[in-house]
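Engineer: My questions will all concern the structure given below.
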Amino acid sequence: MAAQEGGLDRALSVKYSRAMRLAEVESKQDPESEPYRSKYAARELLKELKAALGPRDDEPLQAGDWLQKAAVLELQLGLNHTETEELSAGEEHLAKCIQILEPFRLSPGAVSVFLQAENQLGILWAGLEEMEKAQTYLEDAESLYKQYTKEVKSSFDGRWMLIINMSGLVNAVTTEWGHCSVQ
């Protein structure tokens with residue numbers, strides 16, 4: 001059973017990597033007649049990943065992993081929609097990302113994704129000339145960043161940093177005397 005799950009995780013990771021390549025690399029070569037062709041293809045892969053993720057399991061470890069993956073997919077879908085000028089759908093996905101991660105916003109595995117979603121919502125609302133909403137999101141993101149960096153510095157003596165692994169999920173890594181451990 002574990003071997004099957006590992007194979008599924010690898011397949012999903014490959015699909016996620018393909019979606020990111022379409023959105024970030026191949027979209028730059030899309031023809032003027034179809035400027036969002038690669039982004040639309042990436043969106044379909046992200047939707048497939050979201051469907052494959054399915055409903056959350058009740059096991060605590062799987063639930064945490066599920067929340068992290070679900071939030072990353074909502075973030076990427078939100079970015080995709082805003083980049084294709086579908087701002088309402090983009091706002092919905094970014095807000096869903098924040099909703100998923102709100103209880104864990106200060107945890108090392110969530111803070112980077114949460115901050116990115118808040119910043120993107122600030123940019124979205126500024127583009128719509130809704131400056132008060134934009135300012136609220138951007139100030140919240142700045143406050144969270146300051147709170148997190150202060151806690152990291154005082155709690156971990158600055159030995160923590162965030163990385164994004166191959167599947168696009170955020171992990172915390174601590175370095176001490178040349179050794180790394182993933183949390």
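By order in the structure tokens, chains are A, B, ...; within a chain, residues start at 1; ligands start at 1, following the order shown.
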Tell me, as a list in words, which residues lie within 12 Å of A:Ala126, counting only C-alpha atoms; anything in the same chain fewer than 5 positions away does not count.

Structural biologist: Leu87, Asn119, Gln120, Leu121, Met131, Glu132, Lys133, Ala134, Gln135, Thr136, Tyr137 and Leu138 of chain A

Engineer: Would you mind exporting the chosen residues as a compact mmCIF listing (two decimals), in the first residue's frame, restricted to N, CA, C and O atoms?

Structural biologist:
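Saved file result.txt follows:
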```txt
# COMPACT_ATOMS: atom_id res chain seq x y z
N LEU A 87 -10.15 37.91 -12.74
CA LEU A 87 -9.86 38.38 -11.39
C LEU A 87 -10.81 37.85 -10.33
O LEU A 87 -10.39 37.56 -9.21
N ASN A 119 -0.30 38.92 -0.29
CA ASN A 119 0.31 39.91 -1.19
C ASN A 119 -0.40 39.95 -2.53
O ASN A 119 -0.65 41.02 -3.09
N GLN A 120 -0.72 38.78 -3.08
CA GLN A 120 -1.41 38.74 -4.37
C GLN A 120 -2.81 39.35 -4.28
O GLN A 120 -3.25 40.02 -5.22
N LEU A 121 -3.49 39.14 -3.17
CA LEU A 121 -4.80 39.77 -2.99
C LEU A 121 -4.65 41.29 -2.89
O LEU A 121 -5.47 42.04 -3.43
N MET A 131 -8.34 50.55 -2.96
CA MET A 131 -7.11 50.78 -2.20
C MET A 131 -7.22 50.39 -0.73
O MET A 131 -6.25 49.93 -0.15
N GLU A 132 -8.39 50.56 -0.14
CA GLU A 132 -8.53 50.18 1.27
C GLU A 132 -8.40 48.67 1.45
O GLU A 132 -7.72 48.21 2.37
N LYS A 133 -9.04 47.90 0.58
CA LYS A 133 -8.91 46.44 0.65
C LYS A 133 -7.47 46.03 0.38
O LYS A 133 -6.93 45.17 1.06
N ALA A 134 -6.87 46.64 -0.63
CA ALA A 134 -5.48 46.33 -0.97
C ALA A 134 -4.57 46.61 0.22
O ALA A 134 -3.73 45.78 0.59
N GLN A 135 -4.75 47.76 0.81
CA GLN A 135 -3.91 48.16 1.95
C GLN A 135 -4.07 47.20 3.11
O GLN A 135 -3.09 46.83 3.77
N THR A 136 -5.29 46.75 3.37
CA THR A 136 -5.54 45.81 4.45
C THR A 136 -4.76 44.52 4.25
O THR A 136 -4.07 44.04 5.16
N TYR A 137 -4.84 43.94 3.05
CA TYR A 137 -4.11 42.70 2.77
C TYR A 137 -2.60 42.90 2.86
O TYR A 137 -1.88 42.08 3.43
N LEU A 138 -2.11 43.99 2.30
CA LEU A 138 -0.67 44.23 2.30
C LEU A 138 -0.14 44.52 3.71
O LEU A 138 0.93 44.04 4.08
```

Engineer: List as JSON lines every residue of stretch 32-112 of chain A that is in contact with stretch 16-21 of chain A, defined as an atom at most 9 Å from one of its atoms (using only C-alpha atoms), together with the nearest atom pair and the distance in Å rounded to one decimal, sorted by chain and then rising number.

Structural biologist:
```
{"residue": "A:Ser38", "atom": "CA", "partner": "A:Ala19", "partner_atom": "CA", "distance": 8.8}
{"residue": "A:Lys39", "atom": "CA", "partner": "A:Ala19", "partner_atom": "CA", "distance": 8.3}
{"residue": "A:Ala41", "atom": "CA", "partner": "A:Ala19", "partner_atom": "CA", "distance": 7.5}
{"residue": "A:Ala42", "atom": "CA", "partner": "A:Ala19", "partner_atom": "CA", "distance": 4.3}
{"residue": "A:Arg43", "atom": "CA", "partner": "A:Ala19", "partner_atom": "CA", "distance": 7.2}
{"residue": "A:Glu44", "atom": "CA", "partner": "A:Ala19", "partner_atom": "CA", "distance": 8.3}
{"residue": "A:Leu45", "atom": "CA", "partner": "A:Ala19", "partner_atom": "CA", "distance": 5.8}
{"residue": "A:Leu46", "atom": "CA", "partner": "A:Ala19", "partner_atom": "CA", "distance": 6.6}
{"residue": "A:Leu49", "atom": "CA", "partner": "A:Tyr16", "partner_atom": "CA", "distance": 7.4}
{"residue": "A:Gln76", "atom": "CA", "partner": "A:Met20", "partner_atom": "CA", "distance": 8.7}
```

Engineer: Smallest atom-to-atom distance to A:Glu85: which of A:Ala141, A:Leu124, A:Val14, A:Leu67, using only C-alpha atoms?

Structural biologist: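 Closest to A:Glu85, using only C-alpha atoms: A:Leu124.
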
Engineer: Can you tell me which residues surround A:Glu74 at a distance of at most 7 Å, considering only C-alpha atoms, apart from same-chain residues fewer than 2 positions away, and format the answer as an mmCIF file with C-alpha atoms, in the first residue's frame?

Structural biologist:
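What follows is the written file around.cif:
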```
data_model
loop_
_atom_site.group_PDB
_atom_site.id
_atom_site.type_symbol
_atom_site.label_atom_id
_atom_site.label_comp_id
_atom_site.auth_asym_id
_atom_site.auth_seq_id
_atom_site.Cartn_x
_atom_site.Cartn_y
_atom_site.Cartn_z
ATOM 1 C CA ALA A 70 -4.727 22.080 -0.894
ATOM 2 C CA ALA A 71 -3.513 25.578 -0.014
ATOM 3 C CA VAL A 72 -0.686 25.458 -2.573
ATOM 4 C CA GLN A 76 -1.538 28.416 -7.902
ATOM 5 C CA LEU A 77 -5.089 28.420 -9.264
ATOM 6 C CA GLY A 78 -5.555 31.952 -7.940
ATOM 7 C CA HIS A 93 -8.905 30.845 -5.005
ATOM 8 C CA LEU A 94 -6.526 33.182 -3.165
ATOM 9 C CA LYS A 96 -9.619 29.971 -0.141
ATOM 10 C CA CYS A 97 -5.860 29.535 0.280
#
```

Engineer: I'd like the neighbourhood of stretch 52-55 of chain A as a ChimeraX atom specification, where a residue qualifies if any of its atoms comes within 9 Å (using only C-alpha atoms), though same-chain residues fewer than 3 positions away should be ignored.

Structural biologist: /A:12,47-49,66,69-70

Engineer: Can I get the selected residues back with N, CA and C atoms, as a PDB file, in the first residue's frame?

Structural biologist:
```pdb
ATOM      1  N   LEU A  12       1.759  12.657  -8.999  1.00  0.00           N
ATOM      2  CA  LEU A  12       1.184  13.972  -8.737  1.00  0.00           C
ATOM      3  C   LEU A  12       2.262  15.052  -8.765  1.00  0.00           C
ATOM      4  N   LYS A  47      -6.344  21.699 -11.770  1.00  0.00           N
ATOM      5  CA  LYS A  47      -7.689  21.204 -11.424  1.00  0.00           C
ATOM      6  C   LYS A  47      -7.680  19.685 -11.247  1.00  0.00           C
ATOM      7  N   GLU A  48      -6.947  18.996 -12.110  1.00  0.00           N
ATOM      8  CA  GLU A  48      -6.826  17.541 -11.979  1.00  0.00           C
ATOM      9  C   GLU A  48      -6.149  17.171 -10.657  1.00  0.00           C
ATOM     10  N   LEU A  49      -5.127  17.922 -10.300  1.00  0.00           N
ATOM     11  CA  LEU A  49      -4.441  17.667  -9.029  1.00  0.00           C
ATOM     12  C   LEU A  49      -5.376  17.899  -7.848  1.00  0.00           C
ATOM     13  N   TRP A  66      -2.474  17.296   3.702  1.00  0.00           N
ATOM     14  CA  TRP A  66      -3.584  17.646   2.819  1.00  0.00           C
ATOM     15  C   TRP A  66      -3.796  19.150   2.802  1.00  0.00           C
ATOM     16  N   LYS A  69      -1.037  20.903   0.791  1.00  0.00           N
ATOM     17  CA  LYS A  69      -1.189  20.695  -0.649  1.00  0.00           C
ATOM     18  C   LYS A  69      -2.410  21.446  -1.180  1.00  0.00           C
ATOM     19  N   ALA A  70      -3.512  21.386  -0.459  1.00  0.00           N
ATOM     20  CA  ALA A  70      -4.727  22.080  -0.894  1.00  0.00           C
ATOM     21  C   ALA A  70      -4.485  23.584  -0.984  1.00  0.00           C
TER      22      ALA A  70
END
```

Engineer: Can you pull out every residue from stretch 72-159 of chain A that DSSP, working from the backbone, puts in helix (DSSP H, G or I), and format the result as a PyMOL selection string?

Structural biologist: chain A and resi 72-83+87-104+111-127+131-156

Engineer: I'd like to know which of A:Ala95, A:Ala51, A:Glu86, A:Asn80 is closest to A:Ser27, using only C-alpha atoms.

Structural biologist: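 For A:Ser27, the nearest of the given residues is A:Asn80.
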